[in-house]
file final24.txt (compact mmCIF, C-alpha atoms and all ligand atoms)
# COMPACT_ATOMS: atom_id res chain seq x y z
CA MET L 82 -183.59 12.27 -100.80
CA CYS L 83 -182.35 9.68 -98.32
CA THR L 84 -182.53 12.11 -95.41
CA ASN L 85 -185.96 13.15 -96.54
CA LEU L 86 -187.10 9.54 -96.68
CA TYR L 87 -185.65 8.93 -93.23
CA GLN L 88 -187.44 11.98 -91.77
CA LYS L 89 -190.73 11.19 -93.46
CA ILE L 90 -191.01 7.44 -93.15
CA PHE L 91 -188.36 5.67 -91.14
CA LYS L 92 -188.04 8.05 -88.20
CA PRO L 93 -191.78 7.96 -87.34
CA LEU L 94 -191.70 4.19 -87.88
CA PHE L 95 -188.79 3.72 -85.48
CA LEU L 96 -190.48 5.93 -82.91
CA ALA L 97 -193.72 3.98 -83.25
CA ILE L 98 -191.88 0.68 -82.78
CA ALA L 99 -190.11 2.04 -79.68
CA VAL L 100 -193.41 3.22 -78.18
CA LEU L 101 -195.23 0.01 -79.02
CA ALA L 102 -192.47 -2.23 -77.66
CA PRO L 103 -194.20 -4.61 -75.25
CA LEU L 104 -194.49 -3.14 -71.78
CA THR L 105 -195.78 -6.30 -70.18
CA SER L 106 -194.32 -9.69 -70.65
CA PHE L 107 -195.10 -13.20 -69.55
CA CYS L 108 -192.33 -15.79 -69.36
CA TRP L 109 -188.76 -16.65 -70.34
CA GLY L 110 -188.69 -15.73 -74.03
CA VAL L 111 -188.47 -18.42 -76.66
CA ILE L 112 -184.72 -18.88 -76.27
CA GLY L 113 -184.76 -19.26 -72.47
CA HIS L 114 -187.47 -21.93 -72.52
CA ARG L 115 -185.73 -23.84 -75.30
CA VAL L 116 -182.38 -23.76 -73.46
CA VAL L 117 -184.04 -25.35 -70.40
CA ALA L 118 -185.76 -27.98 -72.57
CA GLU L 119 -182.61 -28.77 -74.58
CA ILE L 120 -180.52 -29.31 -71.45
CA ALA L 121 -183.23 -31.58 -70.04
CA GLN L 122 -183.31 -33.61 -73.26
CA HIS L 123 -179.62 -34.50 -72.72
CA HIS L 124 -180.21 -35.83 -69.20
CA LEU L 125 -183.10 -38.23 -69.80
CA THR L 126 -182.78 -41.86 -68.81
CA HIS L 127 -183.17 -44.58 -71.41
CA LYS L 128 -186.60 -45.41 -70.00
CA ALA L 129 -187.77 -41.79 -70.10
CA LYS L 130 -186.58 -41.42 -73.71
CA LYS L 131 -188.57 -44.50 -74.68
CA GLU L 132 -191.73 -43.23 -73.00
CA LEU L 133 -191.21 -39.75 -74.46
CA ARG L 134 -191.18 -41.27 -77.93
CA LYS L 135 -194.62 -42.74 -77.30
CA ILE L 136 -195.98 -39.30 -76.42
CA PHE L 137 -194.05 -36.91 -78.68
CA GLY L 138 -192.86 -39.23 -81.46
CA LYS L 139 -189.69 -37.74 -82.93
CA GLU L 140 -190.43 -34.22 -81.69
CA THR L 141 -188.07 -32.68 -79.16
CA LEU L 142 -188.79 -31.07 -75.78
CA ALA L 143 -187.53 -27.71 -77.12
CA GLN L 144 -190.10 -27.76 -79.92
CA TRP L 145 -192.94 -27.60 -77.40
CA ALA L 146 -191.30 -25.48 -74.73
CA ASN L 147 -193.09 -22.27 -75.73
CA TRP L 148 -196.49 -23.65 -76.70
CA PRO L 149 -198.13 -22.69 -73.35
CA ASP L 150 -197.23 -19.06 -74.13
CA PHE L 151 -198.37 -19.23 -77.74
CA ILE L 152 -201.85 -20.42 -76.73
CA LYS L 153 -202.36 -17.17 -74.79
CA SER L 154 -203.12 -15.71 -78.24
CA ASP L 155 -205.89 -18.24 -78.88
CA THR L 156 -209.02 -16.14 -79.37
CA THR L 157 -211.45 -18.98 -78.63
CA ASN L 158 -210.71 -18.73 -74.89
CA THR L 159 -209.97 -22.46 -74.78
CA TRP L 160 -206.92 -21.79 -72.65
CA SER L 161 -207.77 -18.62 -70.74
CA HIS L 162 -208.02 -20.64 -67.50
CA ALA L 163 -204.32 -21.57 -67.87
CA SER L 164 -202.93 -18.02 -67.80
CA LYS L 165 -202.60 -18.22 -64.00
CA TRP L 166 -200.52 -21.39 -64.22
CA HIS L 167 -197.29 -19.58 -65.13
CA TYR L 168 -196.44 -17.87 -61.84
CA VAL L 169 -196.96 -17.46 -58.10
CA ASP L 170 -196.94 -14.17 -56.20
CA LEU L 171 -195.77 -14.01 -52.60
CA PRO L 172 -194.93 -11.20 -50.16
CA ALA L 173 -191.35 -9.97 -49.85
CA ASN L 174 -188.70 -11.23 -47.42
CA LEU L 175 -190.35 -14.32 -45.92
CA THR L 176 -188.30 -16.90 -44.03
CA LYS L 177 -188.08 -20.28 -45.75
CA GLU L 178 -190.67 -21.78 -43.39
CA GLU L 179 -193.07 -18.88 -43.95
CA PHE L 180 -192.51 -19.04 -47.68
CA ILE L 181 -193.25 -22.76 -47.99
CA SER L 182 -196.29 -22.49 -45.75
CA ASP L 183 -197.66 -19.55 -47.80
CA LEU L 184 -196.83 -21.29 -51.09
CA LYS L 185 -198.87 -24.33 -50.09
CA LYS L 186 -201.81 -22.16 -49.01
CA LEU L 187 -202.09 -20.06 -52.20
CA PRO L 188 -205.68 -20.20 -53.41
CA GLY L 189 -206.71 -21.61 -56.80
CA GLU L 190 -204.53 -22.90 -59.62
CA ASN L 191 -201.00 -21.52 -59.93
CA LEU L 192 -197.47 -22.50 -60.97
CA TYR L 193 -197.00 -24.66 -57.84
CA THR L 194 -200.28 -26.58 -58.08
CA GLN L 195 -200.06 -27.04 -61.85
CA ILE L 196 -196.51 -28.41 -61.97
CA GLN L 197 -197.77 -31.15 -59.65
CA ALA L 198 -201.00 -31.62 -61.61
CA MET L 199 -199.10 -31.92 -64.92
CA MET L 200 -196.64 -34.42 -63.40
CA LYS L 201 -199.57 -36.64 -62.37
CA GLN L 202 -201.17 -36.37 -65.81
CA VAL L 203 -197.99 -37.17 -67.75
CA ALA L 204 -197.48 -40.25 -65.55
CA ASP L 205 -201.11 -41.39 -65.85
CA HIS L 206 -201.35 -44.17 -68.43
CA SER L 207 -205.15 -44.23 -68.16
CA LEU L 208 -205.22 -40.85 -69.98
CA SER L 209 -205.09 -40.62 -73.78
CA ILE L 210 -201.79 -39.87 -75.52
CA GLU L 211 -203.24 -36.46 -76.50
CA GLN L 212 -204.02 -35.60 -72.88
CA ARG L 213 -200.54 -36.67 -71.80
CA GLN L 214 -199.03 -34.67 -74.68
CA ILE L 215 -200.70 -31.47 -73.51
CA ALA L 216 -199.70 -32.08 -69.89
CA LEU L 217 -196.11 -32.69 -71.02
CA ARG L 218 -196.00 -29.45 -73.04
CA PHE L 219 -197.13 -27.57 -69.95
CA LEU L 220 -194.71 -29.39 -67.67
CA ILE L 221 -191.70 -28.52 -69.89
CA HIS L 222 -192.77 -24.89 -69.91
CA LEU L 223 -193.76 -24.51 -66.26
CA ILE L 224 -190.50 -25.95 -64.89
CA GLY L 225 -188.81 -23.31 -67.06
CA ASP L 226 -191.04 -20.56 -65.69
CA LEU L 227 -190.27 -21.69 -62.14
CA HIS L 228 -186.62 -20.85 -62.84
CA GLN L 229 -187.34 -17.36 -64.18
CA PRO L 230 -187.02 -15.77 -60.72
CA LEU L 231 -189.66 -13.10 -61.32
CA HIS L 232 -192.27 -15.83 -61.80
CA VAL L 233 -191.85 -16.27 -58.05
CA GLY L 234 -192.21 -12.52 -57.53
CA ARG L 235 -194.51 -10.06 -55.83
CA ASP L 236 -198.18 -9.36 -56.42
CA GLU L 237 -198.00 -5.55 -56.08
CA ASP L 238 -195.75 -5.17 -59.14
CA GLN L 239 -196.96 -8.30 -61.01
CA GLY L 240 -193.60 -10.01 -60.85
CA GLY L 241 -191.74 -6.90 -62.01
CA ASN L 242 -194.11 -6.16 -64.92
CA LYS L 243 -195.05 -2.85 -63.31
CA ILE L 244 -191.44 -1.81 -62.59
CA LYS L 245 -190.43 0.38 -65.51
CA VAL L 246 -186.73 0.30 -66.38
CA PHE L 247 -184.55 1.02 -69.39
CA TRP L 248 -182.58 -1.62 -71.26
CA PHE L 249 -179.89 0.19 -73.28
CA ASP L 250 -182.13 3.30 -73.31
CA ARG L 251 -185.16 1.33 -74.53
CA PRO L 252 -188.13 1.64 -72.15
CA THR L 253 -189.22 -1.75 -70.89
CA ASN L 254 -189.98 -3.41 -67.54
CA LEU L 255 -188.03 -5.53 -65.11
CA HIS L 256 -189.94 -8.74 -65.86
CA SER L 257 -189.25 -8.41 -69.55
CA VAL L 258 -185.54 -7.81 -68.96
CA TRP L 259 -185.39 -11.21 -67.25
CA ASP L 260 -187.62 -12.97 -69.81
CA ASN L 261 -185.87 -11.77 -72.90
CA ALA L 262 -183.36 -8.94 -72.83
CA LEU L 263 -180.69 -10.61 -70.67
CA VAL L 264 -181.00 -13.94 -72.50
CA ASP L 265 -180.98 -12.34 -75.95
CA PHE L 266 -178.00 -10.19 -74.96
CA GLN L 267 -175.84 -13.34 -74.81
CA GLN L 268 -176.37 -13.79 -78.57
CA TYR L 269 -176.43 -17.58 -78.58
CA SER L 270 -178.87 -19.85 -80.37
CA TYR L 271 -180.66 -22.11 -77.90
CA THR L 272 -178.54 -25.12 -78.83
CA GLU L 273 -175.32 -23.13 -78.46
CA TYR L 274 -176.44 -21.76 -75.10
CA ALA L 275 -177.51 -25.19 -73.84
CA GLY L 276 -174.19 -26.69 -74.93
CA ILE L 277 -172.17 -23.99 -73.21
CA LEU L 278 -174.07 -24.29 -69.92
CA ASP L 279 -174.39 -28.05 -69.76
CA ILE L 280 -171.00 -28.85 -68.26
CA ALA L 281 -171.84 -29.23 -64.56
CA GLY L 282 -170.10 -32.03 -62.68
CA LYS L 283 -171.92 -35.01 -61.18
CA ASP L 284 -171.89 -33.64 -57.62
CA GLN L 285 -173.26 -30.27 -58.69
CA ILE L 286 -176.01 -31.92 -60.77
CA LYS L 287 -176.97 -34.13 -57.83
CA GLU L 288 -177.09 -31.15 -55.45
CA TRP L 289 -179.39 -29.17 -57.75
CA GLN L 290 -181.65 -32.11 -58.58
CA ASP L 291 -181.92 -33.72 -55.15
CA SER L 292 -183.94 -31.01 -53.49
CA SER L 293 -187.70 -30.65 -53.23
CA LEU L 294 -190.04 -28.73 -55.50
CA GLU L 295 -190.57 -26.30 -52.61
CA ASP L 296 -186.79 -25.80 -52.35
CA TRP L 297 -186.71 -24.91 -56.06
CA PHE L 298 -189.43 -22.31 -55.54
CA TYR L 299 -187.58 -20.84 -52.56
CA ASP L 300 -184.37 -20.75 -54.58
CA SER L 301 -186.07 -18.59 -57.25
CA TYR L 302 -187.72 -16.46 -54.57
CA LEU L 303 -184.35 -15.63 -52.98
CA LEU L 304 -182.98 -14.59 -56.35
CA ALA L 305 -186.13 -12.51 -57.00
CA ASN L 306 -185.52 -10.68 -53.70
CA LYS L 307 -181.95 -9.94 -54.81
CA ILE L 308 -183.16 -8.67 -58.20
CA TYR L 309 -185.78 -6.41 -56.58
CA ALA L 310 -183.15 -5.00 -54.22
CA LEU L 311 -180.66 -4.27 -57.01
CA THR L 312 -183.05 -2.96 -59.68
CA PRO L 313 -184.87 0.21 -58.56
CA PRO L 314 -187.67 1.65 -60.74
CA ASP L 315 -186.42 3.70 -63.72
CA ALA L 316 -182.98 2.05 -63.50
CA LYS L 317 -180.90 2.36 -66.64
CA LEU L 318 -179.69 -1.17 -67.28
CA SER L 319 -176.99 -2.21 -69.68
CA TYR L 320 -173.51 -3.82 -69.61
CA ARG L 321 -173.10 -3.56 -65.84
CA TYR L 322 -176.43 -5.26 -65.19
CA ASN L 323 -175.40 -8.13 -67.45
CA TYR L 324 -172.11 -8.39 -65.57
CA LEU L 325 -173.92 -8.33 -62.23
CA PHE L 326 -176.46 -11.07 -63.06
CA LYS L 327 -174.99 -13.19 -65.85
CA ASN L 328 -173.92 -15.94 -63.47
CA ASP L 329 -177.36 -16.06 -61.83
CA LEU L 330 -179.04 -16.12 -65.24
CA ASP L 331 -176.86 -18.99 -66.47
CA ASN L 332 -177.38 -20.95 -63.25
CA GLN L 333 -181.16 -20.57 -63.48
CA LEU L 334 -181.25 -21.87 -67.05
CA LEU L 335 -178.99 -24.80 -66.18
CA LYS L 336 -180.83 -25.66 -62.95
CA GLY L 337 -184.11 -25.47 -64.87
CA GLY L 338 -182.85 -27.96 -67.46
CA LEU L 339 -181.39 -30.40 -64.95
CA ARG L 340 -184.47 -30.30 -62.73
CA LEU L 341 -186.80 -30.69 -65.70
CA ALA L 342 -184.83 -33.83 -66.58
CA LYS L 343 -185.22 -35.10 -63.02
CA VAL L 344 -188.98 -34.53 -63.10
CA LEU L 345 -189.34 -36.13 -66.54
CA ASN L 346 -187.27 -39.15 -65.50
CA GLU L 347 -189.74 -39.59 -62.62
CA VAL L 348 -192.94 -39.25 -64.62
CA LEU L 349 -191.99 -40.76 -67.98
CA ARG L 350 -192.25 -44.39 -66.90
ZN ZN L 401 -194.96 -19.13 -68.96

call {"tool": "encode", "arguments": {"input": "final24.txt", "output": "structure tokens", "more": "lines below"}}
Ligand SMILES: [Zn+2]
result
Amino acid sequence: MCTNLYQKIFKPLFLAIAVLAPLTSFCWGVIGHRVVAEIAQHHLTHKAKKELRKIFGKETLAQWANWPDFIKSDTTNTWSHASKWHYVDLPANLTKEEFISDLKKLPGENLYTQIQAMMKQVADHSLSIEQRQIALRFLIHLIGDLHQPLHVGRDEDQGGNKIKVFWFDRPTNLHSVWDNALVDFQQYSYTEYAGILDIAGKDQIKEWQDSSLEDWFYDSYLLANKIYALTPPDAKLSYRYNYLFKNDLDNQLLKGGLRLAKVLNEVLR
């Protein structure tokens, strides 16, 4: 009876779920974005905390960290213009000078232009609280995206979305492995993960925070180049891949949180 039930119902269901598993993906998953936001929350100045309360009330940064992804499902098209805000695409293997020059010349709205636009809006007291709220939700999210290295990836493969790989035998793509699979593999809640990572010393924090926005983009770009080089199409990824990249993953989440705090301490005045 049980075997019969398995054959008839559960097996086709499992197969359907495996086939329908998302093949494209967009950003750090919910945990990754919340880890970045939670770390940032712990590094706000007194002044920034006070200003944050005016905009968000008692709500936390982590609560809003994924909203810019959720609104992609809005069927009224209110936010369709914002789907390009989550990433930049640049050619492979540029020098730092070439990279920064190309980054500044990218046409239209993108992750680089919108982080700056959202910073201005959050800091602009002539805007309504609602307008500043929305800008702040985006800013929390976009600084997170900037630290998911494949959001500073290549156009030809859509930041790894077109590179098919296997994660523990499950077909997926490289972008999704970095958004979700690697983070989820650690099996921490976002508060646990943030707590474990947030132990950097003062000098390290200063080094990561005291660089320019362009440096942060280049930092992610270098890691993206390393990921591309070490993850060929159809690669079977599992324990060894986690071992290879866990340190990079942890550093990106921590840098994201510390740099988000730096940005918020600048604009929440
Ligand atoms: Zn995103």

call {"tool": "residues_near_ligand", "arguments": {"input": "final24.txt", "ligand": "ligand ZN 401 (chain L)", "cutoff": "8 Å", "atoms": "all atoms listed in the file", "output": "VMD selection string"}}
result
chain L and resid 107 to 109 147 149 to 150 166 to 168 222 to 223 225 to 226

call {"tool": "atom_distance", "arguments": {"input": "final24.txt", "atom1": "atom CA of Glu178 of chain L", "atom2": "atom CA of His228 of chain L"}}
result
19.9 Å

call {"tool": "residues_near_point", "arguments": {"input": "final24.txt", "point": "(-183.4, -15.9, -62.2)", "cutoff": "7 Å", "atoms": "only C-alpha atoms", "output": "ChimeraX atom specification"}}
result
/L:228-231,301,304-305,329-330,333

call {"tool": "closest_residue", "arguments": {"input": "final24.txt", "among": "L:Ile280, L:Leu192, L:Leu263, L:Ile136", "to": "Asp170 of chain L", "atoms": "all atoms listed in the file"}}
result
L:Leu192

call {"tool": "closest_residue", "arguments": {"input": "final24.txt", "among": "L:Ser292, L:Gln214, L:Asn306, L:Asn191", "to": "Trp145 of chain L", "atoms": "all atoms listed in the file"}}
result
L:Gln214

call {"tool": "closest_residue", "arguments": {"input": "final24.txt", "among": "L:Val116, L:Thr157, L:Ser209, L:Leu294", "to": "Asp279 of chain L", "atoms": "all atoms listed in the file"}}
result
L:Val116

call {"tool": "atom_distance", "arguments": {"input": "final24.txt", "atom1": "atom CA of Asp183 of chain L", "atom2": "atom CA of Val203 of chain L"}}
result
26.6 Å

call {"tool": "residues_around", "arguments": {"input": "final24.txt", "residues": "segment 321-326 of chain L", "least_positions_apart": "3", "cutoff": "12 Å", "atoms": "all atoms listed in the file", "output": "PDB file with C-alpha atoms, in the coordinates of the input"}}
result
ATOM      1  CA  PRO L 230    -187.020 -15.770 -60.720  1.00  0.00           C
ATOM      2  CA  VAL L 246    -186.730   0.300 -66.380  1.00  0.00           C
ATOM      3  CA  PHE L 247    -184.550   1.020 -69.390  1.00  0.00           C
ATOM      4  CA  TRP L 248    -182.580  -1.620 -71.260  1.00  0.00           C
ATOM      5  CA  PHE L 249    -179.890   0.190 -73.280  1.00  0.00           C
ATOM      6  CA  LEU L 255    -188.030  -5.530 -65.110  1.00  0.00           C
ATOM      7  CA  VAL L 258    -185.540  -7.810 -68.960  1.00  0.00           C
ATOM      8  CA  TRP L 259    -185.390 -11.210 -67.250  1.00  0.00           C
ATOM      9  CA  ALA L 262    -183.360  -8.940 -72.830  1.00  0.00           C
ATOM     10  CA  LEU L 263    -180.690 -10.610 -70.670  1.00  0.00           C
ATOM     11  CA  VAL L 264    -181.000 -13.940 -72.500  1.00  0.00           C
ATOM     12  CA  ASP L 265    -180.980 -12.340 -75.950  1.00  0.00           C
ATOM     13  CA  PHE L 266    -178.000 -10.190 -74.960  1.00  0.00           C
ATOM     14  CA  GLN L 267    -175.840 -13.340 -74.810  1.00  0.00           C
ATOM     15  CA  LEU L 304    -182.980 -14.590 -56.350  1.00  0.00           C
ATOM     16  CA  ALA L 305    -186.130 -12.510 -57.000  1.00  0.00           C
ATOM     17  CA  LYS L 307    -181.950  -9.940 -54.810  1.00  0.00           C
ATOM     18  CA  ILE L 308    -183.160  -8.670 -58.200  1.00  0.00           C
ATOM     19  CA  LEU L 311    -180.660  -4.270 -57.010  1.00  0.00           C
ATOM     20  CA  THR L 312    -183.050  -2.960 -59.680  1.00  0.00           C
ATOM     21  CA  ALA L 316    -182.980   2.050 -63.500  1.00  0.00           C
ATOM     22  CA  LYS L 317    -180.900   2.360 -66.640  1.00  0.00           C
ATOM     23  CA  LEU L 318    -179.690  -1.170 -67.280  1.00  0.00           C
ATOM     24  CA  ASP L 329    -177.360 -16.060 -61.830  1.00  0.00           C
ATOM     25  CA  LEU L 330    -179.040 -16.120 -65.240  1.00  0.00           C
ATOM     26  CA  ASP L 331    -176.860 -18.990 -66.470  1.00  0.00           C
ATOM     27  CA  ASN L 332    -177.380 -20.950 -63.250  1.00  0.00           C
ATOM     28  CA  GLN L 333    -181.160 -20.570 -63.480  1.00  0.00           C
TER      29      GLN L 333
END

call {"tool": "residues_around", "arguments": {"input": "final24.txt", "residues": "Glu295 of chain L", "least_positions_apart": "6", "cutoff": "12 Å", "atoms": "only C-alpha atoms", "output": "count of residues only"}}
result
18

call {"tool": "atom_distance", "arguments": {"input": "final24.txt", "atom1": "atom CA of Ser319 of chain L", "atom2": "atom CA of Ile244 of chain L"}}
result
16.1 Å

call {"tool": "residues_around", "arguments": {"input": "final24.txt", "residues": "Asp291 of chain L", "least_positions_apart": "4", "cutoff": "10 Å", "atoms": "only C-alpha atoms", "output": "list in words"}}
result
Gln285, Ile286, Lys287, Asp296, Arg340 and Lys343 of chain L

call {"tool": "closest_residue", "arguments": {"input": "final24.txt", "among": "L:Leu339, L:Lys131, L:Gln202, L:Asn261", "to": "Gly282 of chain L", "atoms": "all atoms listed in the file"}}
result
L:Leu339

call {"tool": "decode", "arguments": {"input": "final24.txt", "residues": "segment 157-182 of chain L", "atoms": "N, CA and C atoms", "output": "PDB file, in the first residue's frame"}}
result
ATOM      1  N   THR L 157       0.816  44.714 -10.806  1.00  0.00           N
ATOM      2  CA  THR L 157       0.338  46.000 -11.335  1.00  0.00           C
ATOM      3  C   THR L 157       1.430  46.753 -12.101  1.00  0.00           C
ATOM      4  N   ASN L 158       2.625  46.165 -12.160  1.00  0.00           N
ATOM      5  CA  ASN L 158       3.754  46.787 -12.870  1.00  0.00           C
ATOM      6  C   ASN L 158       4.254  48.079 -12.238  1.00  0.00           C
ATOM      7  N   THR L 159       3.842  48.327 -10.993  1.00  0.00           N
ATOM      8  CA  THR L 159       4.276  49.552 -10.308  1.00  0.00           C
ATOM      9  C   THR L 159       5.797  49.604 -10.210  1.00  0.00           C
ATOM     10  N   TRP L 160       6.399  48.420 -10.059  1.00  0.00           N
ATOM     11  CA  TRP L 160       7.828  48.379  -9.766  1.00  0.00           C
ATOM     12  C   TRP L 160       8.663  47.759 -10.878  1.00  0.00           C
ATOM     13  N   SER L 161       8.072  47.533 -12.041  1.00  0.00           N
ATOM     14  CA  SER L 161       8.833  46.834 -13.086  1.00  0.00           C
ATOM     15  C   SER L 161      10.094  47.611 -13.492  1.00  0.00           C
ATOM     16  N   HIS L 162      10.052  48.945 -13.357  1.00  0.00           N
ATOM     17  CA  HIS L 162      11.232  49.753 -13.712  1.00  0.00           C
ATOM     18  C   HIS L 162      12.418  49.477 -12.780  1.00  0.00           C
ATOM     19  N   ALA L 163      12.131  48.898 -11.590  1.00  0.00           N
ATOM     20  CA  ALA L 163      13.196  48.713 -10.588  1.00  0.00           C
ATOM     21  C   ALA L 163      13.923  47.381 -10.732  1.00  0.00           C
ATOM     22  N   SER L 164      13.486  46.531 -11.666  1.00  0.00           N
ATOM     23  CA  SER L 164      14.124  45.207 -11.745  1.00  0.00           C
ATOM     24  C   SER L 164      15.584  45.302 -12.193  1.00  0.00           C
ATOM     25  N   LYS L 165      15.942  46.393 -12.862  1.00  0.00           N
ATOM     26  CA  LYS L 165      17.331  46.565 -13.311  1.00  0.00           C
ATOM     27  C   LYS L 165      18.237  47.154 -12.224  1.00  0.00           C
ATOM     28  N   TRP L 166      17.638  47.495 -11.091  1.00  0.00           N
ATOM     29  CA  TRP L 166      18.411  48.149 -10.037  1.00  0.00           C
ATOM     30  C   TRP L 166      19.275  47.175  -9.237  1.00  0.00           C
ATOM     31  N   HIS L 167      19.064  45.878  -9.414  1.00  0.00           N
ATOM     32  CA  HIS L 167      19.676  44.890  -8.516  1.00  0.00           C
ATOM     33  C   HIS L 167      21.070  44.411  -8.946  1.00  0.00           C
ATOM     34  N   TYR L 168      21.540  44.831 -10.099  1.00  0.00           N
ATOM     35  CA  TYR L 168      22.813  44.268 -10.581  1.00  0.00           C
ATOM     36  C   TYR L 168      23.488  45.205 -11.587  1.00  0.00           C
ATOM     37  N   VAL L 169      24.756  44.913 -11.855  1.00  0.00           N
ATOM     38  CA  VAL L 169      25.449  45.489 -13.018  1.00  0.00           C
ATOM     39  C   VAL L 169      26.092  44.309 -13.753  1.00  0.00           C
ATOM     40  N   ASP L 170      26.270  44.455 -15.036  1.00  0.00           N
ATOM     41  CA  ASP L 170      26.986  43.447 -15.830  1.00  0.00           C
ATOM     42  C   ASP L 170      28.178  44.117 -16.483  1.00  0.00           C
ATOM     43  N   LEU L 171      29.339  43.499 -16.337  1.00  0.00           N
ATOM     44  CA  LEU L 171      30.550  44.061 -16.958  1.00  0.00           C
ATOM     45  C   LEU L 171      31.362  42.941 -17.593  1.00  0.00           C
ATOM     46  N   PRO L 172      32.199  43.281 -18.592  1.00  0.00           N
ATOM     47  CA  PRO L 172      33.009  42.242 -19.237  1.00  0.00           C
ATOM     48  C   PRO L 172      34.025  41.628 -18.266  1.00  0.00           C
ATOM     49  N   ALA L 173      34.518  40.463 -18.623  1.00  0.00           N
ATOM     50  CA  ALA L 173      35.455  39.731 -17.763  1.00  0.00           C
ATOM     51  C   ALA L 173      36.835  40.379 -17.748  1.00  0.00           C
ATOM     52  N   ASN L 174      37.547  40.171 -16.652  1.00  0.00           N
ATOM     53  CA  ASN L 174      38.988  40.434 -16.536  1.00  0.00           C
ATOM     54  C   ASN L 174      39.441  41.842 -16.911  1.00  0.00           C
ATOM     55  N   LEU L 175      38.721  42.847 -16.398  1.00  0.00           N
ATOM     56  CA  LEU L 175      39.151  44.238 -16.585  1.00  0.00           C
ATOM     57  C   LEU L 175      40.151  44.606 -15.493  1.00  0.00           C
ATOM     58  N   THR L 176      41.052  45.554 -15.793  1.00  0.00           N
ATOM     59  CA  THR L 176      41.884  46.105 -14.722  1.00  0.00           C
ATOM     60  C   THR L 176      40.983  46.980 -13.856  1.00  0.00           C
ATOM     61  N   LYS L 177      41.475  47.360 -12.673  1.00  0.00           N
ATOM     62  CA  LYS L 177      40.639  48.168 -11.786  1.00  0.00           C
ATOM     63  C   LYS L 177      40.243  49.494 -12.447  1.00  0.00           C
ATOM     64  N   GLU L 178      41.203  50.116 -13.135  1.00  0.00           N
ATOM     65  CA  GLU L 178      40.918  51.393 -13.793  1.00  0.00           C
ATOM     66  C   GLU L 178      39.845  51.214 -14.867  1.00  0.00           C
ATOM     67  N   GLU L 179      40.011  50.167 -15.679  1.00  0.00           N
ATOM     68  CA  GLU L 179      39.018  49.900 -16.739  1.00  0.00           C
ATOM     69  C   GLU L 179      37.654  49.617 -16.142  1.00  0.00           C
ATOM     70  N   PHE L 180      37.669  48.837 -15.053  1.00  0.00           N
ATOM     71  CA  PHE L 180      36.409  48.458 -14.416  1.00  0.00           C
ATOM     72  C   PHE L 180      35.658  49.692 -13.929  1.00  0.00           C
ATOM     73  N   ILE L 181      36.365  50.557 -13.201  1.00  0.00           N
ATOM     74  CA  ILE L 181      35.695  51.731 -12.622  1.00  0.00           C
ATOM     75  C   ILE L 181      35.210  52.669 -13.730  1.00  0.00           C
ATOM     76  N   SER L 182      36.021  52.815 -14.766  1.00  0.00           N
ATOM     77  CA  SER L 182      35.609  53.677 -15.876  1.00  0.00           C
ATOM     78  C   SER L 182      34.357  53.108 -16.567  1.00  0.00           C
TER      79      SER L 182
END
